[in-house]
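Trainee: Structure file target23.txt, compact mmCIF, C-alpha atoms, is pasted below:
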```txt
# COMPACT_ATOMS: atom_id res chain seq x y z
CA THR A 200 8.93 23.32 -17.58
CA GLU A 201 5.64 24.09 -19.27
CA ASP A 202 3.89 24.62 -15.96
CA HIS A 203 6.54 27.13 -14.88
CA CYS A 204 6.21 28.99 -18.19
CA LEU A 205 2.43 29.13 -17.81
CA SER A 206 2.89 30.53 -14.32
CA ALA A 207 5.16 33.22 -15.77
CA ILE A 208 2.53 34.11 -18.38
CA ASN A 209 -0.26 34.24 -15.79
CA ILE A 210 1.65 36.40 -13.33
CA ASP A 211 2.77 38.83 -16.03
CA GLY A 212 -0.72 40.35 -15.91
CA TRP A 213 0.10 41.38 -12.33
CA ARG A 214 3.23 43.25 -13.45
CA TRP A 215 1.89 46.57 -12.13
CA ILE A 216 1.54 45.14 -8.59
CA PHE A 217 4.50 42.76 -8.26
CA LYS A 218 7.01 44.52 -10.55
CA GLN A 219 10.40 42.69 -10.33
CA ALA A 220 9.12 40.40 -7.55
CA ARG A 221 7.05 38.45 -10.11
CA TYR A 222 10.23 36.65 -11.20
CA ASP A 223 10.92 35.59 -7.62
CA ILE A 224 7.32 34.47 -7.20
CA CYS A 225 7.54 32.26 -10.32
CA ALA A 226 10.88 30.83 -9.21
CA PHE A 227 9.53 30.13 -5.73
CA TRP A 228 6.47 28.43 -7.24
CA GLY A 229 8.77 26.24 -9.34
CA ILE A 230 10.83 25.32 -6.27
CA LEU A 231 7.72 24.42 -4.27
CA LYS A 232 6.53 22.14 -7.09
CA HIS A 233 10.09 20.74 -7.38
CA LYS A 234 9.40 19.59 -10.93
CA VAL A 235 12.70 18.66 -12.53
CA THR A 236 13.02 19.37 -16.24
CA PRO A 237 13.71 16.01 -17.89
CA ALA A 238 15.90 17.52 -20.62
CA VAL A 239 19.24 15.95 -21.45
CA ILE A 240 22.00 18.58 -21.65
CA TYR A 241 24.92 18.08 -24.03
CA CYS A 242 28.01 20.28 -23.86
CA ASP A 243 30.22 20.13 -26.95
CA GLY A 244 28.50 16.90 -28.02
CA VAL A 245 29.04 15.05 -24.73
CA THR A 246 26.19 14.24 -22.34
CA TRP A 247 26.70 16.49 -19.30
CA LYS A 248 23.55 16.26 -17.25
CA LYS A 249 20.11 14.69 -17.35
CA GLY A 250 17.52 17.03 -15.91
CA GLY A 251 17.67 19.89 -13.47
CA LEU A 252 15.46 22.36 -11.68
CA ALA A 253 16.99 25.55 -13.12
CA LEU A 254 19.41 25.89 -16.00
CA PHE A 255 21.33 29.02 -17.01
CA ILE A 256 23.25 29.26 -20.29
CA THR A 257 25.06 32.54 -20.85
CA ASN A 258 28.29 34.10 -22.04
CA THR A 259 28.03 36.95 -19.54
CA GLN A 260 28.15 36.73 -15.77
CA HIS A 261 24.85 38.45 -15.08
CA ILE A 262 21.26 37.61 -15.98
CA GLY A 263 17.99 39.33 -15.13
CA ASN A 264 18.24 42.02 -12.51
CA HIS A 265 21.99 41.78 -11.79
CA MET A 266 21.93 38.10 -10.80
CA ARG A 267 25.39 36.56 -11.16
CA ALA A 268 24.20 33.17 -12.44
CA CYS A 269 27.47 32.27 -14.20
CA PRO A 270 30.21 34.08 -12.26
CA ASN A 271 33.09 32.72 -14.35
CA ALA A 272 31.56 33.55 -17.74
CA SER A 273 33.41 35.94 -20.00
CA LEU A 274 31.98 37.61 -23.08
CA ASP A 275 35.22 37.28 -25.04
CA SER A 276 36.10 33.68 -24.09
CA GLY A 277 34.49 32.12 -27.17
CA THR A 278 32.45 29.83 -24.92
CA CYS A 279 29.31 30.01 -22.84
CA GLN A 280 28.94 28.89 -19.27
CA VAL A 281 26.22 26.47 -18.30
CA ALA A 282 25.01 26.37 -14.69
CA CYS A 283 22.55 23.86 -13.30
CA VAL A 284 20.81 24.44 -9.98
CA ASP A 285 19.46 21.19 -8.59
CA GLY A 286 18.90 19.30 -5.36
CA THR A 287 16.30 19.20 -2.62
CA ARG A 288 13.96 22.16 -2.12
CA ALA A 289 16.17 23.43 0.72
CA GLU A 290 19.36 23.08 -1.35
CA VAL A 291 17.81 24.90 -4.32
CA LEU A 292 16.49 27.71 -2.10
CA ARG A 293 19.98 28.11 -0.62
CA GLN A 294 21.63 28.19 -4.06
CA LEU A 295 19.15 30.73 -5.43
CA SER A 296 19.50 32.92 -2.33
CA LEU A 297 23.24 33.18 -3.11
CA ILE A 298 22.83 33.89 -6.84
CA LYS A 299 22.87 37.72 -6.56
CA ASN A 300 26.60 37.81 -5.83
CA GLY A 301 27.55 34.52 -7.51
CA ALA A 302 28.32 32.69 -4.26
CA HIS A 303 26.10 29.79 -5.36
CA HIS A 304 28.69 28.57 -7.87
CA SER A 305 30.42 26.36 -5.32
CA LEU A 306 27.09 24.56 -4.76
CA SER A 307 25.96 24.42 -8.39
CA GLU A 308 27.19 22.36 -11.31
CA LEU A 309 29.03 24.49 -13.88
CA LYS A 310 30.33 23.64 -17.32
CA GLU A 311 31.95 25.67 -20.09
CA ALA A 312 31.11 24.85 -23.71
CA LYS A 313 31.17 26.19 -27.24
CA LYS A 314 27.97 24.36 -28.17
CA VAL A 315 25.07 23.43 -25.87
CA THR A 316 22.26 21.12 -26.95
CA LEU A 317 19.06 20.49 -25.01
CA ARG A 318 17.20 17.29 -25.87
CA LEU A 319 13.63 17.83 -24.69
CA PRO A 320 11.16 15.06 -23.80
CA ASN A 321 8.38 16.46 -26.03
CA HIS A 322 8.35 17.57 -29.64
CA THR A 323 6.14 20.59 -28.85
CA GLY A 324 6.06 22.61 -25.65
CA LEU A 325 6.89 25.87 -23.94
CA PHE A 326 10.41 27.21 -23.45
CA ASN A 327 11.43 30.21 -21.33
CA LEU A 328 14.28 32.20 -22.86
CA ASP A 329 15.31 35.31 -20.92
CA GLY A 330 11.81 35.70 -19.47
CA GLU A 331 10.15 35.39 -22.87
CA ILE A 332 7.91 32.37 -23.42
CA PHE A 333 8.30 30.55 -26.74
CA VAL A 334 6.60 27.51 -28.19
CA HIS A 335 9.15 25.00 -29.43
CA HIS A 336 8.26 22.64 -32.25
CA HIS A 337 11.30 20.40 -31.98
CA ASP A 338 12.69 18.07 -29.39
CA THR A 339 16.14 19.63 -29.71
CA ILE A 340 17.36 23.17 -29.03
CA GLU A 341 20.96 23.98 -30.02
CA MET A 342 23.01 27.02 -29.07
CA THR A 343 26.47 27.71 -30.49
CA VAL A 344 28.81 30.52 -29.50
CA LEU A 345 30.08 32.36 -32.56
CA GLU A 346 33.56 33.76 -32.13
CA GLN A 347 33.89 37.38 -33.21
CA PRO A 348 30.60 37.58 -35.15
CA PHE A 349 31.20 41.32 -35.68
CA SER A 350 34.02 43.79 -35.36
CA MET A 351 33.87 46.59 -32.87
CA TYR A 352 35.98 49.72 -33.18
CA VAL A 353 36.70 51.69 -30.04
CA PRO A 354 38.40 55.08 -30.27
CA THR A 355 41.47 55.86 -28.20
CA LYS A 356 40.91 57.77 -24.98
CA GLN A 357 42.16 60.99 -26.57
CA ARG A 358 39.89 60.61 -29.61
CA PHE A 359 36.93 59.73 -27.39
CA GLU A 360 37.48 62.84 -25.25
CA ALA A 361 37.81 64.96 -28.40
CA LEU A 362 34.49 63.57 -29.67
CA LEU A 363 32.86 64.52 -26.37
CA GLY A 364 34.41 67.97 -26.49
CA LYS A 365 36.44 67.59 -23.30
CA LYS A 366 39.44 69.82 -22.87
CA LYS A 367 42.75 68.56 -21.59
```
Show me the file's structure as structure tokens.

Mentor:
Amino acid sequence: TEDHCLSAINIDGWRWIFKQARYDICAFWGILKHKVTPAVIYCDGVTWKKGGLALFITNTQHIGNHMRACPNASLDSGTCQVACVDGTRAEVLRQLSLIKNGAHHSLSELKEAKKVTLRLPNHTGLFNLDGEIFVHHHDTIEMTVLEQPFSMYVPTKQRFEALLGKKK
């Protein structure tokens, strides 16, 4: 929400004191306020969820400082995993306390999709993407997973060792 984003901006000036804990402080502040984001979430064109306290969309298992927000996500699956943390303050605190090792997934709502669309309640507002605060000028944000957007060449083990100068 905008208030949560503003909190993140304000606390960033305290980076030298709080270091990594500033993320936890912002999250805790958001939980205390218990302000549900009124966005409608579409997965592959179908309405999945209306609102939520915290939403993670990723194609890797880990976000931030080794938090396993989407434990079933796979970089080469051609899809992203969407996780929604919601509930009472106590339920959300419990889910977020289990996020480090991914144990929250049995308590959270998870969905896999190729395309995720967020329909926001306001045309203009703040949006937090990977800790960076952006101003959005639309009421819709779309994310699509591109399959194999680039080729990656990996040498064989023998060639790799030769490049490093290792002897057999």

Trainee: How far is it from atom CA of A:Asn258 to atom CA of A:Ser350, in Å with one decimal?

Mentor: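 For atom CA of A:Asn258 relative to atom CA of A:Ser350, the distance reads 17.4 Å.
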
Trainee: Neighbouring residues of A:His322 were defined as those with any atom within 10 Å, considering all atoms listed in the file; residues of the same chain fewer than 6 positions away were excluded. Please report them as an mmCIF file with C-alpha atoms, in the frame of the given file.

Mentor:
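The result, stored in selection31.cif:
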```
data_model
loop_
_atom_site.group_PDB
_atom_site.id
_atom_site.type_symbol
_atom_site.label_atom_id
_atom_site.label_comp_id
_atom_site.auth_asym_id
_atom_site.auth_seq_id
_atom_site.Cartn_x
_atom_site.Cartn_y
_atom_site.Cartn_z
ATOM 1 C CA HIS A 335 9.150 25.000 -29.430
ATOM 2 C CA HIS A 336 8.260 22.640 -32.250
ATOM 3 C CA HIS A 337 11.300 20.400 -31.980
ATOM 4 C CA ASP A 338 12.690 18.070 -29.390
ATOM 5 C CA THR A 339 16.140 19.630 -29.710
#
```

Trainee: Measure the distance from atom CA of A:Gly324 to atom CA of A:Thr257 in Å and round it to one decimal.

Mentor: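 These atoms are spaced 22.0 Å apart.
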
Trainee: Show me the residues around (14.9, 24.4, -9.3) - criterion: an atom at most 10 Å away, all atoms listed in the file counted - as an NGL selection string.

Mentor: :A and (226-236 or 251-254 or 283-288 or 290-292 or 294-295)

Trainee: Just how far from atom CA of A:Val239 is atom CA of A:Ser273, in Å to one decimal?

Mentor: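 Value for the atom CA of A:Ser273-atom CA of A:Val239 distance: 24.5 Å.
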
Trainee: When distances are computed from only C-alpha atoms, which of A:Thr246, A:Leu297, A:Arg318, A:Pro354 shows the smallest separation from A:Ala268?

Mentor: A:Leu297

Trainee: Rank A:Ile240, A:Glu311, A:Glu360, A:Thr323 by their smallest atom-to-atom distance to A:Gly277, using all atoms listed in the file, and report the top residue only.

Mentor: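 Closest to A:Gly277, using all atoms listed in the file: A:Glu311.
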
Trainee: With distances taken over all atoms listed in the file, which residue among A:Val334, A:Met266, A:Met351, A:Ile256 lies nearest A:Asn300?

Mentor: A:Met266

Trainee: Out of A:Phe359, A:Val344, A:Cys269, A:Arg293, which residue has the shortest atom-to-atom distance to A:Lys310 when counting only C-alpha atoms?

Mentor: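 Under the stated criterion, the closest residue is A:Cys269.
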
Trainee: Show which residues sit within 7 Å of A:Tyr241, as a ChimeraX atom specification. Count only C-alpha atoms, and ignore same-chain residues fewer than 2 positions away.

Mentor: /A:239,243-247,315-317

Trainee: Write the selection just made, keeping C-alpha atoms, as a CSV table (one decimal), keeping the file's coordinate frame?

Mentor:
```csv
chain,number,residue,atom,x,y,z
A,239,VAL,CA,19.2,16.0,-21.4
A,243,ASP,CA,30.2,20.1,-27.0
A,244,GLY,CA,28.5,16.9,-28.0
A,245,VAL,CA,29.0,15.0,-24.7
A,246,THR,CA,26.2,14.2,-22.3
A,247,TRP,CA,26.7,16.5,-19.3
A,315,VAL,CA,25.1,23.4,-25.9
A,316,THR,CA,22.3,21.1,-27.0
A,317,LEU,CA,19.1,20.5,-25.0
```

Trainee: Might you pull out every residue within 6 Å of A:Ala312, with only C-alpha atoms counted and same-chain residues fewer than 2 positions away left off, and present them as a PyMOL selection string?

Mentor: chain A and resi 242-243+278-279+314

Trainee: Closest to A:Ala302 among A:Gly364, A:Arg267, A:Ile340, A:Ala238, using all atoms listed in the file?

Mentor: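 Using all atoms listed in the file, the shortest distance to A:Ala302 belongs to A:Arg267.
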